[in-house]
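Chemist: Below: one structure in structure tokens.
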Amino acid sequence: MNNFNFYSPTEFVFGKGRENECGELVKKYGGTKVLIHYGGKSAIKSGLIDRVRASLDKSGIAYCELGGVQPNPRDTLVYKGIELARKENVDFILAVGGGSVIDSSKAIAIGVPYDGDFWDFYSGKHAEKALPVATVLTIAAAGSEGSGDSVITKEDGMLKRGTGSDVLRPRFSVMNPELTQTLPAYQTACGATDIMAHVFERYFTNTKEVEITDRLCEAVLCTMVKETPRVIADPDNYEARANIMWAGTVAHTNIVGVGREQDWNSHGIEHELSALYDCAHGAGLAVIMPAWMEFVYKHDIMRFCQMAVRVFGCNMDYADPEKTALAGIKAFRRFLHDIGMPINFTELGAKEEDIPVLVEKFGIGDGRTGGFVHLSAQDVAEIYRIAARAAL
Ligand code: NZQ
Ligand code: ZN
């Protein structure tokens with residue numbers, strides 16, 4: 001196991017009705033003037049925004065509001081948010097929504113105290129200062145409620161880029177699984193795919209002797225394999241929603257990834273799809289992740305066998321382990337299909353002829369990238385090709 005620091009200062013406030021505690025939580029963490037940031041309409045329609053307002057009113061916390069965050073959140077709204085937060089002397093940002101709302105909130109939070117263009121932080125600069133951010137989560141997916149990461153799309157050129165800093169870790173995250181019961185099945189499945197991908201990015205590692213994190217990864221993956229079909233069939237199943245919601249956070253606070261080298265190529269390769277086609281991140285991952293697995297599995301066949309046997313219940317073929325490894329990848333793709341995810345370019349709405357553009361935007365030139373397997377631009381093109389033509 002490698003040396004590591006694990007820093008996860010967020011207070012997770014989990015369970016039914018906990019959004020009614022927002023006001024007291026903001027007070028506890030020193031907020032006096034809040035920007036409530038939210039998305040399209042789901043949080044208004046469900047009455048959640050009203051409950052958040054009421055809770056802030058009750059605690060005597062002043063607030064202003066900015067809605068309209070769209071999936072794959074844009075830089076243009078971030079600029080508006082920074083301007084509004086400065087004008088209103090906001091000292092705390094409350095994200096009410098999913099990963100897109102939370103990431104937009106984090107971008108505003110680093111932009112407000114910074115003299116330059118906030119995009120600098122999405123072009124390599126490290127954030128040292130930010131307004132405090134907290135979240136009321138409405139979808140189990142990105143894990144942004146517990147991470148120090150934020151991903152924003154620059155509208156000019158549709159460039160999707162991320163930044164990461166401990167100053168972006170939320171002070172608190174309210175997690176009421178009931179809030180996810182209004183999610184359409186497709187969005188639930190996109191979230192489930194993202195959660196599994198966050199684990200796989202960490203699971204496929206060259207670091208030896210990482211039994212504890214291997215087993216934690218497998219626990220999250222097995223939970224998702226069991227619970228996702230349950231919520232797709234029965235959207236109001238509180239217990240299944242609760243298990244998925246916590247799995248989403250555990251998958252991405254990095255508790256399952258510490259002490260081991262991680263990969264993250266599938267995420268980078270996917271981000272170009274959601275940037276170019278404005279598709280859901282989870283849907284893009286459903287197309288890319290199994291294709292990446294098919295491209296790299298020979299690098300460590302026994303690790304893929306371990307996944308196949310422990311997560312998807314495949315039989316171990318000791319005479320021909322490659323068969324087991326491939327059966328595991330096949331089972332994963334079948335699972336994604338069964339929960340309603342696209343598995344190839346056609347189903348996603350992507351085009352094979354765009355592969356050169358995608359590779360160009362991925363932007364590694366003559367270099368190599370990744371942790372488990374170091375990929376060249378040609379390798380990335382091949383993964384897109386496998387993804388384009390994938391079938392069950
Ligand atoms: O805008 P509204 O009306 O709220 O609709 C949203 C949106 O259309 C809807 N939704 C959310 N909660 C709902 C709901 N609809 C009904 N009922 C509810 N309770 O769901 C749609 C998707 O929301 P979004 O926030 O985009 O989903 P998600 O949480 O999957 O976030 C995706 C974004 O997070 C980034 C992705 O790249 C993508 O931009 N990621 C962020 C990460 C991070 N910060 O750590 C890591 C991830 O790997 C990921 O890259
Ligand atoms: Zn993700």
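We name chains A, B, ... following the order of the structure tokens; residues begin at 1 in each chain, and ligands are numbered from 1 as shown.
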Excluding region 299-305 of chain A and any residue of its chain fewer than 2 positions from it, enumerate the residues within 10 Å of it, using only C-alpha atoms, and give them as a ChimeraX atom specification.
Modeler: /A:203-206,293,295-297,307-312,314-318,321-329,372-373
Chemist: Show me a table, sorted first by chain and then by increasing residue number, of the residues of chain A having an atom at most 6 Å from ligand 1, each with its shortest atom pair and the distance in Å to one decimal, counting only C-alpha atoms and all ligand atoms and written as a Markdown table.
Modeler:
```
| residue | atom | partner | partner_atom_place_in_ligand_line | distance |
| --- | --- | --- | --- | --- |
| A:Gly39 | CA | ligand 1 | 1 (O) | 3.7 |
| A:Gly40 | CA | ligand 1 | 1 (O) | 3.4 |
| A:Lys41 | CA | ligand 1 | 3 (O) | 3.9 |
| A:Ser42 | CA | ligand 1 | 3 (O) | 3.8 |
| A:Ala43 | CA | ligand 1 | 4 (O) | 5.7 |
| A:Gln70 | CA | ligand 1 | 1 (O) | 5.6 |
| A:Pro71 | CA | ligand 1 | 26 (O) | 3.6 |
| A:Asn72 | CA | ligand 1 | 39 (O) | 3.7 |
| A:Pro73 | CA | ligand 1 | 39 (O) | 5.9 |
| A:Gly97 | CA | ligand 1 | 12 (N) | 5.5 |
| A:Gly98 | CA | ligand 1 | 25 (O) | 3.3 |
| A:Gly99 | CA | ligand 1 | 29 (O) | 3.4 |
| A:Ser100 | CA | ligand 1 | 25 (O) | 3.8 |
| A:Val101 | CA | ligand 1 | 25 (O) | 5.6 |
| A:Asp103 | CA | ligand 1 | 44 (N) | 5.4 |
| A:Thr138 | CA | ligand 1 | 19 (N) | 4.2 |
| A:Ile139 | CA | ligand 1 | 12 (N) | 4.6 |
| A:Ala141 | CA | ligand 1 | 29 (O) | 4.7 |
| A:Ala142 | CA | ligand 1 | 47 (C) | 4.2 |
| A:Gly143 | CA | ligand 1 | 45 (O) | 5.3 |
| A:Ser144 | CA | ligand 1 | 45 (O) | 3.9 |
| A:Ser147 | CA | ligand 1 | 45 (O) | 5.2 |
| A:Asp149 | CA | ligand 1 | 44 (N) | 4.3 |
| A:Ser150 | CA | ligand 1 | 44 (N) | 3.9 |
| A:Val151 | CA | ligand 1 | 41 (C) | 5.4 |
| A:Leu179 | CA | ligand 1 | 19 (N) | 5.1 |
| A:Thr180 | CA | ligand 1 | 19 (N) | 4.2 |
| A:Thr182 | CA | ligand 1 | 17 (N) | 4.2 |
| A:Leu183 | CA | ligand 1 | 17 (N) | 3.8 |
| A:Gln187 | CA | ligand 1 | 20 (O) | 5.8 |
| A:Gly191 | CA | ligand 1 | 30 (O) | 5.3 |
| A:His281 | CA | ligand 1 | 36 (C) | 5.2 |
```
Chemist: Which of these residues is nearest to Leu94 (chain A), using only C-alpha atoms: A:Glu65, A:Glu128, A:Glu382, A:Asp115?
Modeler: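 Of the candidates, the smallest distance to Leu94 (chain A) is held by A:Glu65.
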Chemist: Could you produce a table of the residues of chain A lying within 7 Å of ligand 2, with the nearest pair of atoms per residue and their separation in Å rounded to one decimal, using only C-alpha atoms and all ligand atoms, ordered by chain and increasing residue number, as a tab-separated table?
Modeler:
```
residue	atom	partner	partner_atom_place_in_ligand_line	distance
A:Ala142	CA	ligand 2	1 (Zn)	5.3
A:Asp194	CA	ligand 2	1 (Zn)	4.7
A:Ile195	CA	ligand 2	1 (Zn)	6.8
A:Ala197	CA	ligand 2	1 (Zn)	6.4
A:His198	CA	ligand 2	1 (Zn)	5.8
A:His267	CA	ligand 2	1 (Zn)	6.3
A:His281	CA	ligand 2	1 (Zn)	6.7
A:Gly282	CA	ligand 2	1 (Zn)	6.8
```
Chemist: With only C-alpha atoms as the atoms that count, which of A:Gly268, A:Gly164, A:Pro356, A:Gly257 lies nearest to Asn5 (chain A)?
Modeler: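 The closest residue to Asn5 (chain A) is A:Gly257.
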Chemist: Using only C-alpha atoms, which residues sit within 9 Å of Leu221 (chain A) once same-chain residues fewer than 6 positions away are excluded, as a ChimeraX atom specification?
Modeler: /A:195-196,199-200,247,251,311
Chemist: Residues of region 155-238 of chain A that approach region 16-31 of chain A to 8 Å or less, counting only C-alpha atoms: could you list each one with the shortest pair of atoms and its distance in Å to one decimal, rows by chain and increasing residue number, as a tab-separated table?
Modeler:
```
residue	atom	partner	partner_atom	distance
A:Arg171	CA	A:Tyr29	CA	7.1
A:Phe172	CA	A:Leu25	CA	7.5
A:Val174	CA	A:Glu19	CA	6.1
A:Met175	CA	A:Arg18	CA	7.3
A:Asn176	CA	A:Lys16	CA	5.2
A:Pro177	CA	A:Lys16	CA	7.0
A:Glu178	CA	A:Lys16	CA	6.5
```
Chemist: Selected residues, all heavy atoms, written as a PDB file, in the first residue's frame, please.
Modeler:
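What ended up in selection.pdb:
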```pdb
ATOM      1  N   ARG A 171     -18.719  22.099   3.275  1.00  0.00           N
ATOM      2  CA  ARG A 171     -18.742  22.130   4.742  1.00  0.00           C
ATOM      3  C   ARG A 171     -19.715  21.078   5.250  1.00  0.00           C
ATOM      4  O   ARG A 171     -19.444  20.379   6.190  1.00  0.00           O
ATOM      5  CB  ARG A 171     -19.177  23.506   5.257  1.00  0.00           C
ATOM      6  CG  ARG A 171     -18.217  24.629   4.919  1.00  0.00           C
ATOM      7  CD  ARG A 171     -16.848  24.380   5.566  1.00  0.00           C
ATOM      8  NE  ARG A 171     -16.048  25.596   5.651  1.00  0.00           N
ATOM      9  CZ  ARG A 171     -15.249  26.045   4.673  1.00  0.00           C
ATOM     10  NH1 ARG A 171     -15.137  25.385   3.548  1.00  0.00           N
ATOM     11  NH2 ARG A 171     -14.547  27.159   4.838  1.00  0.00           N
ATOM     12  N   PHE A 172     -20.910  21.057   4.627  1.00  0.00           N
ATOM     13  CA  PHE A 172     -21.849  19.992   4.956  1.00  0.00           C
ATOM     14  C   PHE A 172     -22.597  19.583   3.689  1.00  0.00           C
ATOM     15  O   PHE A 172     -22.679  20.361   2.726  1.00  0.00           O
ATOM     16  CB  PHE A 172     -22.833  20.414   6.060  1.00  0.00           C
ATOM     17  CG  PHE A 172     -23.806  21.502   5.685  1.00  0.00           C
ATOM     18  CD1 PHE A 172     -24.987  21.214   5.000  1.00  0.00           C
ATOM     19  CD2 PHE A 172     -23.550  22.826   6.037  1.00  0.00           C
ATOM     20  CE1 PHE A 172     -25.883  22.225   4.650  1.00  0.00           C
ATOM     21  CE2 PHE A 172     -24.438  23.843   5.689  1.00  0.00           C
ATOM     22  CZ  PHE A 172     -25.612  23.540   4.992  1.00  0.00           C
ATOM     23  N   VAL A 174     -26.334  17.777   2.890  1.00  0.00           N
ATOM     24  CA  VAL A 174     -27.595  17.172   3.323  1.00  0.00           C
ATOM     25  C   VAL A 174     -27.960  16.101   2.300  1.00  0.00           C
ATOM     26  O   VAL A 174     -27.989  16.365   1.097  1.00  0.00           O
ATOM     27  CB  VAL A 174     -28.702  18.242   3.410  1.00  0.00           C
ATOM     28  CG1 VAL A 174     -30.066  17.584   3.599  1.00  0.00           C
ATOM     29  CG2 VAL A 174     -28.404  19.219   4.541  1.00  0.00           C
ATOM     30  N   MET A 175     -28.213  14.892   2.782  1.00  0.00           N
ATOM     31  CA  MET A 175     -28.500  13.773   1.882  1.00  0.00           C
ATOM     32  C   MET A 175     -29.777  13.077   2.334  1.00  0.00           C
ATOM     33  O   MET A 175     -29.750  12.248   3.234  1.00  0.00           O
ATOM     34  CB  MET A 175     -27.317  12.801   1.885  1.00  0.00           C
ATOM     35  CG  MET A 175     -26.021  13.470   1.418  1.00  0.00           C
ATOM     36  SD  MET A 175     -24.575  12.437   1.594  1.00  0.00           S
ATOM     37  CE  MET A 175     -24.958  11.128   0.463  1.00  0.00           C
ATOM     38  N   ASN A 176     -30.875  13.461   1.713  1.00  0.00           N
ATOM     39  CA  ASN A 176     -32.164  12.832   1.998  1.00  0.00           C
ATOM     40  C   ASN A 176     -32.529  11.952   0.807  1.00  0.00           C
ATOM     41  O   ASN A 176     -32.896  12.474  -0.258  1.00  0.00           O
ATOM     42  CB  ASN A 176     -33.225  13.918   2.233  1.00  0.00           C
ATOM     43  CG  ASN A 176     -34.616  13.324   2.409  1.00  0.00           C
ATOM     44  OD1 ASN A 176     -34.802  12.107   2.314  1.00  0.00           O
ATOM     45  ND2 ASN A 176     -35.602  14.175   2.647  1.00  0.00           N
ATOM     46  N   PRO A 177     -32.467  10.633   0.950  1.00  0.00           N
ATOM     47  CA  PRO A 177     -32.745   9.747  -0.190  1.00  0.00           C
ATOM     48  C   PRO A 177     -34.124   9.963  -0.799  1.00  0.00           C
ATOM     49  O   PRO A 177     -34.323   9.727  -1.998  1.00  0.00           O
ATOM     50  CB  PRO A 177     -32.634   8.347   0.421  1.00  0.00           C
ATOM     51  CG  PRO A 177     -31.758   8.520   1.620  1.00  0.00           C
ATOM     52  CD  PRO A 177     -32.079   9.881   2.161  1.00  0.00           C
ATOM     53  N   GLU A 178     -35.083  10.455  -0.001  1.00  0.00           N
ATOM     54  CA  GLU A 178     -36.436  10.725  -0.540  1.00  0.00           C
ATOM     55  C   GLU A 178     -36.373  11.724  -1.703  1.00  0.00           C
ATOM     56  O   GLU A 178     -37.202  11.678  -2.606  1.00  0.00           O
ATOM     57  CB  GLU A 178     -37.318  11.344   0.547  1.00  0.00           C
ATOM     58  CG  GLU A 178     -37.791  10.367   1.588  1.00  0.00           C
ATOM     59  CD  GLU A 178     -38.606  11.071   2.675  1.00  0.00           C
ATOM     60  OE1 GLU A 178     -38.234  12.189   3.085  1.00  0.00           O
ATOM     61  OE2 GLU A 178     -39.608  10.499   3.093  1.00  0.00           O
TER      62      GLU A 178
END
```
Chemist: Any idea what's packed within 6 Å of region 334-347 of chain A, counting only C-alpha atoms, ignoring anything in its chain fewer than 4 positions away? Could you give it as JSON, numbers by chain?
Modeler: {"A": [286, 287, 387, 388, 389, 390]}
Chemist: Using only C-alpha atoms, pick whichever of A:Ala391, A:Cys190, A:Ile110, A:Val133 has the shortest atom-to-atom distance to Pro290 (chain A).
Modeler: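 The answer is A:Ala391, which sits nearest to Pro290 (chain A).
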Chemist: Between A:Cys222, A:Ala127, A:Ala107, A:Leu375, which residue has the minimum interatomic distance to Asp166 (chain A), considering only C-alpha atoms?
Modeler: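 Checking each of A:Cys222, A:Ala127, A:Ala107, A:Leu375 against Asp166 (chain A), counting only C-alpha atoms, the winner is A:Ala127.
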Chemist: For Thr193 (chain A), which residue out of A:Thr228, A:Ser165, A:Thr135, A:Asn89 is the nearest one, using only C-alpha atoms?
Modeler: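 Of all the options, A:Thr228 lies closest to Thr193 (chain A).
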Chemist: Neighbours of region 376-381 of chain A within 12 Å (only C-alpha atoms; same-chain residues fewer than 4 positions away dropped), as a VMD selection string?
Modeler: chain A and resid 265 to 270 272 288 291 to 292 294 to 296 352 to 370 385 to 388
Chemist: Keeping only C-alpha atoms, write those residues as a compact mmCIF listing (two decimals), in the first residue's frame.
Modeler:
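After the write, again_37.txt holds the following:
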```txt
# COMPACT_ATOMS: atom_id res chain seq x y z
CA ASN A 265 -8.61 7.66 -18.30
CA SER A 266 -12.22 6.56 -18.81
CA HIS A 267 -13.39 9.81 -17.22
CA GLY A 268 -11.12 11.93 -19.40
CA ILE A 269 -12.19 10.04 -22.53
CA GLU A 270 -15.87 10.37 -21.55
CA GLU A 272 -14.95 14.73 -24.47
CA ILE A 288 -16.62 4.15 -22.63
CA ALA A 291 -14.59 -0.38 -24.03
CA TRP A 292 -11.64 0.82 -21.95
CA GLU A 294 -11.66 -4.47 -23.28
CA PHE A 295 -8.66 -2.46 -24.42
CA VAL A 296 -6.60 -2.80 -21.21
CA GLU A 352 -17.71 7.37 -35.25
CA GLU A 353 -16.48 9.95 -37.78
CA ASP A 354 -15.99 12.43 -34.92
CA ILE A 355 -13.28 10.25 -33.30
CA PRO A 356 -10.37 12.38 -34.62
CA VAL A 357 -12.04 15.49 -33.13
CA LEU A 358 -12.59 13.72 -29.79
CA VAL A 359 -8.95 12.57 -29.67
CA GLU A 360 -7.72 16.05 -30.61
CA LYS A 361 -9.79 17.64 -27.83
CA PHE A 362 -8.58 15.00 -25.36
CA GLY A 363 -5.29 16.75 -26.00
CA ILE A 364 -2.39 14.49 -25.04
CA GLY A 365 -0.50 14.98 -28.31
CA ASP A 366 2.52 12.66 -28.38
CA GLY A 367 2.36 12.01 -24.62
CA ARG A 368 0.75 9.26 -22.57
CA THR A 369 -1.75 9.44 -19.75
CA GLY A 370 -3.36 7.25 -17.07
CA ARG A 385 -13.64 2.79 -31.93
CA ILE A 386 -14.40 -0.16 -29.63
CA ALA A 387 -17.04 1.95 -27.88
CA ALA A 388 -18.56 3.05 -31.19
```
